[in-house]
$ cat data_24.txt   # compact mmCIF, C-alpha atoms
# COMPACT_ATOMS: atom_id res chain seq x y z
CA MET A 1 -25.70 10.75 -8.14
CA ASP A 2 -24.14 10.53 -11.61
CA PHE A 3 -22.60 7.28 -12.83
CA GLU A 4 -21.62 8.64 -16.23
CA PRO A 5 -18.07 9.82 -17.04
CA THR A 6 -17.57 13.53 -17.57
CA ASP A 7 -17.03 14.92 -21.05
CA GLU A 8 -13.33 15.29 -20.26
CA GLN A 9 -13.08 11.68 -19.09
CA THR A 10 -14.87 10.42 -22.18
CA LEU A 11 -12.48 12.38 -24.40
CA PHE A 12 -9.51 11.00 -22.48
CA GLN A 13 -10.85 7.44 -22.81
CA ASP A 14 -11.15 7.87 -26.57
CA GLN A 15 -7.67 9.35 -26.89
CA VAL A 16 -6.00 6.58 -24.90
CA ARG A 17 -7.94 3.85 -26.71
CA LYS A 18 -6.98 5.24 -30.12
CA LEU A 19 -3.34 5.49 -29.08
CA ALA A 20 -3.40 1.89 -27.86
CA GLU A 21 -5.08 0.60 -31.01
CA ARG A 22 -2.65 2.50 -33.22
CA GLU A 23 0.57 1.69 -31.34
CA LEU A 24 0.01 -1.41 -29.22
CA ALA A 25 -2.48 -3.77 -30.89
CA GLU A 26 0.25 -5.22 -33.07
CA GLY A 27 2.64 -7.05 -30.80
CA ALA A 28 0.23 -7.53 -27.89
CA LEU A 29 0.70 -11.32 -27.92
CA LYS A 30 4.49 -11.05 -28.10
CA ARG A 31 4.63 -8.58 -25.21
CA ALA A 32 2.45 -10.84 -23.07
CA HIS A 33 4.87 -13.73 -23.45
CA SER A 34 8.04 -11.74 -22.88
CA PRO A 35 9.42 -11.59 -19.32
CA SER A 36 11.08 -8.24 -20.03
CA PHE A 37 9.63 -4.92 -18.94
CA PRO A 38 8.47 -3.11 -22.13
CA PHE A 39 10.67 0.00 -21.95
CA ASP A 40 9.68 0.88 -25.53
CA VAL A 41 6.08 1.24 -24.33
CA ALA A 42 7.24 3.25 -21.30
CA LYS A 43 9.00 5.73 -23.56
CA LEU A 44 5.92 5.95 -25.79
CA PHE A 45 3.76 6.68 -22.75
CA ALA A 46 6.27 9.26 -21.53
CA ARG A 47 5.93 11.10 -24.86
CA THR A 48 2.14 10.91 -24.82
CA GLY A 49 1.49 11.90 -21.19
CA LEU A 50 0.55 8.53 -19.69
CA MET A 51 3.51 8.42 -17.28
CA GLY A 52 3.06 10.42 -14.11
CA ILE A 53 -0.66 11.06 -14.61
CA THR A 54 -1.15 11.11 -10.83
CA ILE A 55 2.03 13.07 -10.07
CA PRO A 56 1.97 16.88 -9.65
CA GLU A 57 3.07 19.03 -12.57
CA GLU A 58 5.77 20.68 -10.49
CA ASP A 59 7.37 17.23 -10.11
CA GLY A 60 7.24 16.54 -13.85
CA GLY A 61 3.90 14.72 -13.88
CA GLN A 62 0.54 15.50 -15.45
CA GLY A 63 -1.27 16.67 -12.30
CA GLY A 64 -4.23 14.38 -12.94
CA THR A 65 -6.33 12.21 -10.65
CA LEU A 66 -6.37 8.55 -9.70
CA MET A 67 -9.49 8.22 -11.84
CA ASP A 68 -7.55 9.45 -14.87
CA ALA A 69 -4.91 6.78 -14.27
CA VAL A 70 -7.57 4.09 -13.82
CA ILE A 71 -9.11 5.10 -17.16
CA ALA A 72 -5.69 4.87 -18.81
CA ILE A 73 -5.07 1.38 -17.40
CA GLU A 74 -8.46 0.18 -18.61
CA GLN A 75 -8.18 1.53 -22.13
CA VAL A 76 -4.62 0.27 -22.62
CA ALA A 77 -5.42 -3.17 -21.17
CA LEU A 78 -8.41 -3.61 -23.47
CA VAL A 79 -5.96 -3.55 -26.38
CA CYS A 80 -2.68 -4.82 -24.90
CA PRO A 81 -2.92 -6.28 -21.37
CA ARG A 82 0.85 -6.33 -20.78
CA SER A 83 1.21 -2.62 -21.57
CA ALA A 84 -1.18 -1.77 -18.74
CA ASP A 85 1.67 -2.75 -16.40
CA VAL A 86 3.59 0.26 -17.71
CA VAL A 87 0.75 2.61 -16.74
CA GLN A 88 0.82 1.00 -13.30
CA ALA A 89 4.60 1.45 -12.96
CA GLY A 90 4.40 5.09 -14.03
CA ASN A 91 1.51 6.13 -11.80
CA PHE A 92 0.97 3.84 -8.81
CA GLY A 93 2.91 2.01 -6.15
CA PRO A 94 6.50 3.00 -5.34
CA ILE A 95 6.64 5.88 -7.83
CA ARG A 96 3.57 7.44 -6.21
CA THR A 97 4.95 6.96 -2.67
CA PHE A 98 8.30 8.33 -3.84
CA SER A 99 6.68 11.40 -5.38
CA GLU A 100 4.64 11.99 -2.23
CA TYR A 101 7.54 11.98 0.23
CA ALA A 102 10.83 12.47 -1.66
CA THR A 103 12.96 15.58 -1.26
CA PRO A 104 13.49 17.93 -4.23
CA ASP A 105 17.00 16.50 -4.61
CA GLN A 106 15.69 12.93 -4.68
CA LYS A 107 13.09 13.84 -7.26
CA GLU A 108 15.72 15.49 -9.43
CA ARG A 109 17.99 12.45 -9.26
CA TYR A 110 15.41 9.71 -9.78
CA LEU A 111 11.94 10.88 -10.73
CA LYS A 112 12.93 12.41 -14.07
CA ARG A 113 14.33 9.11 -15.36
CA LEU A 114 11.31 7.17 -14.12
CA LEU A 115 8.81 9.52 -15.77
CA ALA A 116 10.82 9.48 -19.00
CA GLY A 117 10.42 5.70 -19.21
CA GLU A 118 14.18 5.23 -19.01
CA ALA A 119 14.11 3.32 -15.72
CA VAL A 120 11.66 1.44 -13.53
CA ILE A 121 11.50 1.42 -9.73
CA GLY A 122 11.24 -1.72 -7.57
CA LEU A 123 9.42 -1.94 -4.25
CA GLY A 124 11.25 -4.05 -1.67
CA MET A 125 8.74 -5.00 1.03
CA THR A 126 8.39 -8.77 1.30
CA GLU A 127 10.89 -10.95 3.16
CA SER A 128 11.03 -14.69 3.70
CA GLU A 129 9.33 -14.28 7.11
CA ALA A 130 7.43 -11.06 6.41
CA GLY A 131 4.79 -11.25 3.71
CA SER A 132 1.28 -10.40 4.82
CA ALA A 133 2.87 -9.72 8.23
CA VAL A 134 4.98 -6.95 6.70
CA THR A 135 5.72 -5.36 10.09
CA ASP A 136 7.78 -8.46 10.93
CA LEU A 137 10.46 -7.37 8.48
CA LYS A 138 14.07 -7.85 9.61
CA THR A 139 16.06 -5.79 7.08
CA SER A 140 17.83 -3.21 9.22
CA ALA A 141 19.50 0.18 8.94
CA ALA A 142 22.21 0.85 11.53
CA PRO A 143 23.67 4.37 11.93
CA ASP A 144 27.08 4.93 10.33
CA GLY A 145 28.23 8.52 10.49
CA ASP A 146 25.61 10.63 8.75
CA GLY A 147 24.24 7.63 6.90
CA PHE A 148 23.26 4.01 7.54
CA ARG A 149 24.47 0.47 6.90
CA VAL A 150 21.73 -1.77 5.56
CA ASN A 151 21.68 -5.53 6.09
CA GLY A 152 19.06 -8.11 5.20
CA GLY A 153 17.23 -9.12 2.06
CA LYS A 154 13.98 -9.07 0.10
CA VAL A 155 12.00 -11.51 -2.04
CA PHE A 156 9.27 -11.07 -4.66
CA THR A 157 10.33 -7.46 -5.27
CA SER A 158 8.48 -5.82 -8.16
CA HIS A 159 10.64 -5.33 -11.29
CA SER A 160 13.64 -6.69 -9.37
CA ALA A 161 15.20 -8.28 -12.44
CA GLU A 162 15.41 -4.97 -14.32
CA ALA A 163 14.95 -2.05 -11.93
CA ASP A 164 17.81 0.40 -11.38
CA VAL A 165 16.21 2.07 -8.36
CA PHE A 166 14.59 0.38 -5.35
CA LEU A 167 12.37 1.74 -2.59
CA VAL A 168 13.21 -0.56 0.32
CA TYR A 169 11.23 -0.86 3.55
CA LEU A 170 13.47 -1.51 6.55
CA ARG A 171 13.84 -1.22 10.27
CA TYR A 172 15.75 1.58 12.02
CA GLY A 173 14.70 0.31 15.43
CA PRO A 174 12.19 -1.95 17.22
CA GLY A 175 8.43 -1.80 16.87
CA LEU A 176 6.14 -0.20 14.33
CA ASP A 177 7.68 3.23 14.88
CA GLY A 178 11.09 1.87 13.93
CA ILE A 179 10.09 1.19 10.31
CA GLY A 180 10.90 3.52 7.41
CA SER A 181 12.44 3.35 3.93
CA VAL A 182 15.52 4.14 1.87
CA ILE A 183 16.38 4.44 -1.81
CA LEU A 184 18.92 1.94 -3.11
CA GLU A 185 20.52 1.82 -6.53
CA ARG A 186 21.72 -1.18 -8.47
CA GLY A 187 25.50 -1.25 -8.23
CA MET A 188 25.84 0.01 -4.65
CA GLY A 189 28.59 -1.81 -2.74
CA GLY A 190 27.19 -4.83 -0.89
CA PHE A 191 23.92 -4.80 -2.88
CA SER A 192 23.62 -8.08 -4.81
CA PHE A 193 20.99 -10.16 -6.59
CA GLY A 194 20.00 -13.81 -6.63
CA GLU A 195 19.28 -15.89 -9.71
CA ARG A 196 16.27 -14.94 -11.79
CA SER A 197 13.12 -16.92 -11.09
CA GLY A 198 9.84 -16.98 -12.99
CA TYR A 199 6.28 -16.35 -11.85
CA LEU A 200 3.25 -18.17 -13.27
CA ASN A 201 2.39 -15.00 -15.20
CA GLY A 202 5.71 -15.09 -17.08
CA GLU A 203 7.41 -12.21 -15.28
CA GLU A 204 10.73 -12.69 -13.53
CA TRP A 205 12.05 -11.69 -10.11
CA CYS A 206 15.23 -12.17 -8.14
CA ALA A 207 16.10 -12.01 -4.46
CA LEU A 208 17.81 -8.87 -3.16
CA TYR A 209 20.70 -9.14 -0.68
CA PHE A 210 22.05 -6.29 1.43
CA ASP A 211 25.46 -6.83 3.03
CA ASP A 212 26.54 -3.65 4.85
CA VAL A 213 25.20 -1.45 2.03
CA TYR A 214 26.07 2.14 2.86
CA VAL A 215 23.13 4.51 2.41
CA PRO A 216 24.02 8.20 2.51
CA PRO A 217 21.58 10.55 4.28
CA GLU A 218 20.33 11.93 0.97
CA ASN A 219 18.99 8.45 0.12
CA VAL A 220 16.72 8.17 3.16
CA LEU A 221 13.12 8.54 2.02
CA LEU A 222 11.31 8.08 5.36
CA GLY A 223 13.05 7.75 8.68
CA PRO A 224 11.75 6.05 11.83
CA GLY A 225 7.99 6.43 12.14
CA GLY A 226 7.45 6.47 8.39
CA PHE A 227 5.55 3.18 8.19
CA LYS A 228 2.06 4.66 8.36
CA LYS A 229 2.86 7.08 5.54
CA GLN A 230 4.19 4.22 3.44
CA ILE A 231 1.11 2.09 4.00
CA ALA A 232 -1.18 5.03 3.21
CA GLY A 233 0.68 5.35 -0.09
CA PHE A 234 0.29 1.60 -0.60
CA ASN A 235 -3.46 2.10 -0.93
CA ALA A 236 -2.70 3.80 -4.25
CA GLU A 237 -0.64 0.75 -5.23
CA ARG A 238 -3.72 -1.37 -4.61
CA ILE A 239 -5.81 0.83 -6.91
CA GLY A 240 -3.38 0.03 -9.73
CA ASN A 241 -3.52 -3.69 -8.95
CA THR A 242 -7.31 -3.47 -8.78
CA ALA A 243 -7.70 -1.62 -12.07
CA ARG A 244 -5.50 -4.10 -13.93
CA SER A 245 -7.37 -7.09 -12.47
CA LEU A 246 -10.65 -5.71 -13.70
CA ALA A 247 -9.37 -4.53 -17.08
CA VAL A 248 -7.62 -7.80 -17.91
CA GLY A 249 -10.77 -9.70 -16.92
CA GLN A 250 -12.75 -7.41 -19.23
CA TYR A 251 -10.25 -8.06 -22.04
CA ALA A 252 -10.81 -11.81 -21.62
CA PHE A 253 -14.58 -11.29 -21.55
CA ASN A 254 -14.43 -9.37 -24.85
CA LEU A 255 -12.20 -12.02 -26.40
CA ALA A 256 -14.60 -14.80 -25.38
CA ARG A 257 -17.63 -12.82 -26.55
CA GLU A 258 -16.15 -12.48 -30.04
CA HIS A 259 -15.33 -16.20 -30.03
CA ALA A 260 -18.88 -17.11 -28.97
CA LEU A 261 -20.31 -15.00 -31.80
CA THR A 262 -18.13 -16.49 -34.54
CA ARG A 263 -17.30 -20.05 -33.47
CA ARG A 264 -19.88 -22.66 -34.54
CA GLN A 265 -20.61 -26.11 -33.12
CA PHE A 266 -23.49 -28.45 -33.99
CA GLY A 267 -24.41 -26.03 -36.77
CA ARG A 268 -24.97 -23.06 -34.41
CA PRO A 269 -22.83 -20.22 -33.02
CA LEU A 270 -21.72 -20.83 -29.45
CA CYS A 271 -23.67 -17.82 -28.17
CA GLU A 272 -26.93 -19.71 -28.82
CA PHE A 273 -26.17 -22.33 -26.15
CA GLN A 274 -27.78 -21.48 -22.82
CA GLY A 275 -24.91 -22.87 -20.75
CA LEU A 276 -22.57 -20.30 -22.29
CA GLN A 277 -25.17 -17.52 -22.14
CA TRP A 278 -25.31 -17.92 -18.37
CA LYS A 279 -21.53 -17.72 -18.14
CA PHE A 280 -21.55 -14.36 -19.91
CA ALA A 281 -24.38 -13.08 -17.73
CA GLU A 282 -22.46 -13.98 -14.56
CA MET A 283 -19.23 -12.51 -15.88
CA LYS A 284 -20.90 -9.23 -16.80
CA VAL A 285 -22.61 -8.75 -13.45
CA LYS A 286 -19.39 -9.44 -11.51
CA LEU A 287 -17.31 -7.15 -13.72
CA GLU A 288 -19.79 -4.27 -13.61
CA ALA A 289 -20.33 -4.50 -9.86
CA ALA A 290 -16.57 -4.54 -9.25
CA ARG A 291 -16.11 -1.58 -11.60
CA LEU A 292 -18.48 0.53 -9.53
CA LEU A 293 -16.43 -0.16 -6.38
CA LEU A 294 -13.20 0.64 -8.21
CA TYR A 295 -14.56 3.90 -9.61
CA ARG A 296 -15.90 4.91 -6.22
CA ALA A 297 -12.53 4.32 -4.55
CA ALA A 298 -10.68 6.30 -7.22
CA ALA A 299 -13.23 9.13 -7.46
CA ARG A 300 -13.46 9.65 -3.70
CA ALA A 301 -9.71 9.91 -3.45
CA ASP A 302 -9.59 12.63 -6.12
CA ARG A 303 -6.01 13.90 -5.92
CA GLY A 304 -5.29 12.49 -2.48
CA LEU A 305 -4.74 8.97 -1.20
CA PRO A 306 -7.74 6.60 -1.26
CA SER A 307 -9.29 5.33 1.95
CA ALA A 308 -8.39 1.89 3.26
CA GLU A 309 -12.06 0.83 3.31
CA ASP A 310 -12.81 1.85 -0.29
CA THR A 311 -9.56 0.36 -1.56
CA THR A 312 -10.02 -2.92 0.31
CA MET A 313 -13.51 -3.50 -1.06
CA ALA A 314 -12.49 -2.55 -4.58
CA LYS A 315 -9.43 -4.79 -4.56
CA LEU A 316 -11.31 -7.80 -3.25
CA ALA A 317 -14.16 -7.38 -5.74
CA CYS A 318 -11.96 -6.68 -8.77
CA ASN A 319 -9.44 -9.42 -7.98
CA GLU A 320 -12.21 -11.99 -7.77
CA ALA A 321 -14.23 -10.66 -10.72
CA GLY A 322 -11.18 -10.35 -12.97
CA PHE A 323 -10.03 -13.90 -12.32
CA PHE A 324 -13.56 -15.27 -12.61
CA ALA A 325 -14.07 -13.61 -15.99
CA ALA A 326 -10.68 -14.70 -17.31
CA ASN A 327 -11.15 -18.29 -16.18
CA GLU A 328 -14.67 -18.51 -17.62
CA ALA A 329 -13.50 -16.90 -20.86
CA MET A 330 -10.82 -19.55 -21.22
CA GLN A 331 -13.45 -22.24 -20.65
CA VAL A 332 -15.74 -20.73 -23.28
CA MET A 333 -12.90 -20.69 -25.80
CA GLY A 334 -11.90 -24.30 -25.15
CA GLY A 335 -8.64 -25.38 -26.75
CA THR A 336 -8.15 -21.96 -28.30
CA GLY A 337 -8.44 -20.31 -24.89
CA PHE A 338 -6.00 -22.78 -23.35
CA SER A 339 -3.48 -22.20 -26.12
CA GLN A 340 -0.76 -19.56 -25.99
CA GLU A 341 -1.84 -18.46 -29.46
CA ALA A 342 -4.60 -16.48 -27.76
CA LEU A 343 -4.40 -14.28 -24.68
CA ALA A 344 -7.17 -15.88 -22.62
CA GLU A 345 -4.76 -18.18 -20.77
CA TYR A 346 -2.44 -15.22 -20.16
CA CYS A 347 -5.33 -13.31 -18.61
CA VAL A 348 -5.97 -16.25 -16.26
CA ARG A 349 -2.34 -16.30 -15.16
CA ARG A 350 -2.19 -12.53 -14.70
CA THR A 351 -5.41 -12.16 -12.74
CA ARG A 352 -4.51 -15.10 -10.51
CA GLY A 353 -1.35 -13.37 -9.33
CA TRP A 354 -3.16 -10.19 -8.33
CA GLN A 355 -5.16 -12.16 -5.78
CA ILE A 356 -1.83 -12.60 -3.96
CA ALA A 357 0.09 -9.41 -4.75
CA GLY A 358 -0.59 -6.15 -2.96
CA GLY A 359 -2.41 -7.87 -0.10
CA SER A 360 -4.06 -11.25 -0.61
CA THR A 361 -7.82 -11.57 -0.96
CA GLU A 362 -7.86 -13.30 2.43
CA MET A 363 -6.15 -10.29 4.01
CA MET A 364 -8.69 -8.01 2.34
CA LYS A 365 -11.49 -10.03 3.95
CA ASN A 366 -9.80 -9.81 7.33
CA ARG A 367 -9.51 -6.04 6.96
CA LEU A 368 -13.15 -5.71 5.97
CA ALA A 369 -14.23 -7.74 8.99
CA GLU A 370 -12.36 -5.29 11.20
CA ILE A 371 -14.19 -2.42 9.49
CA VAL A 372 -17.56 -4.14 9.89
CA PHE A 373 -17.08 -4.83 13.61
CA ASP A 374 -15.03 -1.71 14.34
CA ARG A 375 -12.36 -3.66 16.18
CA ARG A 376 -9.02 -5.28 15.50
CA PHE A 377 -8.67 -9.04 15.01
CA PRO A 378 -4.94 -9.66 15.53
CA GLN A 379 -3.59 -12.61 13.56
CA ARG A 380 -0.69 -13.18 15.93
CA PRO A 381 -1.12 -15.49 18.93
CA PRO A 382 -1.63 -13.68 22.26
CA LYS A 383 1.46 -12.94 24.30
CA SER A 384 1.99 -15.20 27.28
CA ALA A 385 1.29 -13.65 30.68
CA GLY A 386 4.74 -14.62 31.88
$ encode --input "data_24.txt" --output "structure tokens"
Amino acid sequence: MDFEPTDEQTLFQDQVRKLAERELAEGALKRAHSPSFPFDVAKLFARTGLMGITIPEEDGGQGGTLMDAVIAIEQVALVCPRSADVVQAGNFGPIRTFSEYATPDQKERYLKRLLAGEAVIGLGMTESEAGSAVTDLKTSAAPDGDGFRVNGGKVFTSHSAEADVFLVYLRYGPGLDGIGSVILERGMGGFSFGERSGYLNGEEWCALYFDDVYVPPENVLLGPGGFKKQIAGFNAERIGNTARSLAVGQYAFNLAREHALTRRQFGRPLCEFQGLQWKFAEMKVKLEAARLLLYRAAARADRGLPSAEDTTMAKLACNEAGFFAANEAMQVMGGTGFSQEALAEYCVRRTRGWQIAGGSTEMMKNRLAEIVFDRRFPQRPPKSAG
């Protein structure tokens, strides 16, 4: 059992870190406080091979592994936390699901722009009454000639304020087997947006409204029965969430460590006070333990989709470790950490959101309990006998 990166992975780490230090270190604070998606960074990553790492070469990607993409997220985040979101958008989540199941025509029309950093894709899953209970979604697709008419709406859609392309989960018919997905474009008739709203982390989102939006057959990604494929692809989305949680927590840890070495109180550097020493010891153990679970999930998946069990454990551990480290780092740094002149408070806000997004930590615990006991624990009340 070897816990060391391969020579190729070490070389890749070094290359990505040098690129980040050269191109992203300056402006990291400004990017963190901007609600806009950093398309300039996306185009840089497109030129340097960091977009589409996990996507096959024949589709315009790099043909790499999930582990390669995790390494890229880590090394970018350790220099510029906000830019790690671009690695996520170009390798995980809807772009990965799209690449997995799209037709050649769909890839030609959409994937090229996404991998070039010219556009970003949004994932429309959540509805006002369907969050963790995603199978309760109401957005519907009714047959209309060869295509469909879509009605309903979505909330909390990723990149909704700026995306041009949306992968939307919807219902063709009743039950689990009635769920699938379509590709919608900004500007389609009947497709409108609500007012922009801000998250705690500084990003913005807006509600999506579908009023008899006509979807031609060539824009259907997965028809009825596609839900299980979509959720299997969502495990890759969780790896991206997980990697960013850990990496941003590590960034905060490094920031606080430097502060503890240089900041003096009572005539001594902060690192000489035992209370703070224990904080760093706890942070390090949590971060390193979570990293092992993340690496295992990514390495076992290789070029395929990661298992639900590995992904669930990694997400839970990294979400909690990342937030813990960021929060403790802010405490160590005191007023400086709480100020927007440093990125510690940004790391707290970012890591807090990932405990909700992509499946809450409570849902991860529920899923793990089902794995432990090898049985389902339905959250819905039992149906009445009558």
$ residues_near_point --input "data_24.txt" --point "(-9.8, 1.7, -25.7)" --cutoff "6 Å" --atoms "only C-alpha atoms" --output "PyMOL selection string"
chain A and resi 17+75+78
$ closest_residue --input "data_24.txt" --among "A:Cys271, A:Ala133, A:Val150, A:Ala232" --to "Arg380 (chain A)" --atoms "all atoms listed in the file"
A:Ala133
$ closest_residue --input "data_24.txt" --among "A:Arg109, A:His159, A:Lys229, A:Lys154" --to "Ser128 (chain A)" --atoms "only C-alpha atoms"
A:Lys154
$ closest_residue --input "data_24.txt" --among "A:Leu11, A:Val213, A:Ala142, A:Val165" --to "Leu123 (chain A)" --atoms "all atoms listed in the file"
A:Val165
$ closest_residue --input "data_24.txt" --among "A:Leu115, A:Ala247, A:Glu74, A:Tyr295" --to "Gln62 (chain A)" --atoms "all atoms listed in the file"
A:Leu115
$ atom_distance --input "data_24.txt" --atom1 "CA of Thr97 (chain A)" --atom2 "CA of Lys315 (chain A)"
18.7 Å
$ residues_near_point --input "data_24.txt" --point "(-1.8, 11.3, -12.4)" --cutoff "10 Å" --atoms "only C-alpha atoms" --output "ChimeraX atom specification"
/A:49-57,61-70,72,90-92,96,303
$ axis_aligned_box --input "data_24.txt" --around "region 182-199 of chain A" --padding-each-side "8 Å" --output "lines of an AutoDock Vina configuration file"
center_x = 17.4
center_y = -6.3
center_z = -5.6
size_x = 38.3
size_y = 37.4
size_z = 30.9
$ closest_residue --input "data_24.txt" --among "A:Phe377, A:Ala84, A:Ser132, A:Pro174" --to "Met363 (chain A)" --atoms "all atoms listed in the file"
A:Ser132
$ closest_residue --input "data_24.txt" --among "A:Gly180, A:Gly147, A:Gly198, A:Gly175" --to "Tyr214 (chain A)" --atoms "all atoms listed in the file"
A:Gly147
$ residues_around --input "data_24.txt" --residues "Val248 (chain A)" --least-positions-apart "2" --cutoff "10 Å" --atoms "all atoms listed in the file" --output "MDAnalysis selection string"
chainID A and resid 73:74 76:82 84 243:246 250:254 322:323 325:326 343:344 346:348 350:351
$ write_last_selection --input "data_24.txt" --atoms "C-alpha atoms" --output "PDB file, keeping the file's coordinate frame"
ATOM      1  CA  ILE A  73      -5.070   1.380 -17.400  1.00  0.00           C
ATOM      2  CA  GLU A  74      -8.460   0.180 -18.610  1.00  0.00           C
ATOM      3  CA  VAL A  76      -4.620   0.270 -22.620  1.00  0.00           C
ATOM      4  CA  ALA A  77      -5.420  -3.170 -21.170  1.00  0.00           C
ATOM      5  CA  LEU A  78      -8.410  -3.610 -23.470  1.00  0.00           C
ATOM      6  CA  VAL A  79      -5.960  -3.550 -26.380  1.00  0.00           C
ATOM      7  CA  CYS A  80      -2.680  -4.820 -24.900  1.00  0.00           C
ATOM      8  CA  PRO A  81      -2.920  -6.280 -21.370  1.00  0.00           C
ATOM      9  CA  ARG A  82       0.850  -6.330 -20.780  1.00  0.00           C
ATOM     10  CA  ALA A  84      -1.180  -1.770 -18.740  1.00  0.00           C
ATOM     11  CA  ALA A 243      -7.700  -1.620 -12.070  1.00  0.00           C
ATOM     12  CA  ARG A 244      -5.500  -4.100 -13.930  1.00  0.00           C
ATOM     13  CA  SER A 245      -7.370  -7.090 -12.470  1.00  0.00           C
ATOM     14  CA  LEU A 246     -10.650  -5.710 -13.700  1.00  0.00           C
ATOM     15  CA  GLN A 250     -12.750  -7.410 -19.230  1.00  0.00           C
ATOM     16  CA  TYR A 251     -10.250  -8.060 -22.040  1.00  0.00           C
ATOM     17  CA  ALA A 252     -10.810 -11.810 -21.620  1.00  0.00           C
ATOM     18  CA  PHE A 253     -14.580 -11.290 -21.550  1.00  0.00           C
ATOM     19  CA  ASN A 254     -14.430  -9.370 -24.850  1.00  0.00           C
ATOM     20  CA  GLY A 322     -11.180 -10.350 -12.970  1.00  0.00           C
ATOM     21  CA  PHE A 323     -10.030 -13.900 -12.320  1.00  0.00           C
ATOM     22  CA  ALA A 325     -14.070 -13.610 -15.990  1.00  0.00           C
ATOM     23  CA  ALA A 326     -10.680 -14.700 -17.310  1.00  0.00           C
ATOM     24  CA  LEU A 343      -4.400 -14.280 -24.680  1.00  0.00           C
ATOM     25  CA  ALA A 344      -7.170 -15.880 -22.620  1.00  0.00           C
ATOM     26  CA  TYR A 346      -2.440 -15.220 -20.160  1.00  0.00           C
ATOM     27  CA  CYS A 347      -5.330 -13.310 -18.610  1.00  0.00           C
ATOM     28  CA  VAL A 348      -5.970 -16.250 -16.260  1.00  0.00           C
ATOM     29  CA  ARG A 350      -2.190 -12.530 -14.700  1.00  0.00           C
ATOM     30  CA  THR A 351      -5.410 -12.160 -12.740  1.00  0.00           C
TER      31      THR A 351
END
$ residues_around --input "data_24.txt" --residues "Lys43 (chain A)" --least-positions-apart "2" --cutoff "7 Å" --atoms "all atoms listed in the file" --output "MDAnalysis selection string"
chainID A and resid 39:41 45:47 116:118
$ atom_distance --input "data_24.txt" --atom1 "CA of Thr361 (chain A)" --atom2 "CA of Leu294 (chain A)"
15.2 Å
$ residues_around --input "data_24.txt" --residues "Ala102 (chain A)" --least-positions-apart "2" --cutoff "10 Å" --atoms "all atoms listed in the file" --output "ChimeraX atom specification"
/A:95-100,104-108,110-111,183,218-222
$ atom_distance --input "data_24.txt" --atom1 "CA of Arg263 (chain A)" --atom2 "CA of Ala289 (chain A)"
28.4 Å
$ decode --input "data_24.txt" --residues "region 157-169 of chain A" --atoms "N, CA and C atoms" --output "compact mmCIF listing (two decimals), in the first residue's frame"
# COMPACT_ATOMS: atom_id res chain seq x y z
N THR A 157 -29.58 27.33 -8.43
CA THR A 157 -28.88 26.70 -9.55
C THR A 157 -27.46 27.23 -9.65
N SER A 158 -26.49 26.33 -9.77
CA SER A 158 -25.10 26.75 -9.88
C SER A 158 -24.89 27.63 -11.10
N HIS A 159 -24.15 28.73 -10.92
CA HIS A 159 -23.77 29.66 -11.99
C HIS A 159 -24.98 30.26 -12.70
N SER A 160 -26.15 30.26 -12.04
CA SER A 160 -27.37 30.69 -12.72
C SER A 160 -27.35 32.14 -13.17
N ALA A 161 -26.58 32.98 -12.50
CA ALA A 161 -26.54 34.40 -12.88
C ALA A 161 -25.78 34.63 -14.18
N GLU A 162 -24.90 33.68 -14.54
CA GLU A 162 -24.03 33.94 -15.70
C GLU A 162 -23.98 32.81 -16.73
N ALA A 163 -24.53 31.66 -16.40
CA ALA A 163 -24.45 30.53 -17.33
C ALA A 163 -25.27 30.79 -18.59
N ASP A 164 -24.79 30.27 -19.71
CA ASP A 164 -25.52 30.32 -20.98
C ASP A 164 -26.24 29.01 -21.26
N VAL A 165 -25.74 27.93 -20.63
CA VAL A 165 -26.26 26.58 -20.86
C VAL A 165 -26.64 25.98 -19.51
N PHE A 166 -27.76 25.27 -19.47
CA PHE A 166 -28.24 24.68 -18.22
C PHE A 166 -28.61 23.22 -18.44
N LEU A 167 -28.13 22.37 -17.54
CA LEU A 167 -28.55 20.97 -17.50
C LEU A 167 -29.66 20.91 -16.45
N VAL A 168 -30.87 20.63 -16.89
CA VAL A 168 -32.04 20.74 -16.01
C VAL A 168 -32.66 19.36 -15.79
N TYR A 169 -32.77 18.98 -14.53
CA TYR A 169 -33.47 17.75 -14.15
C TYR A 169 -34.97 18.04 -14.16
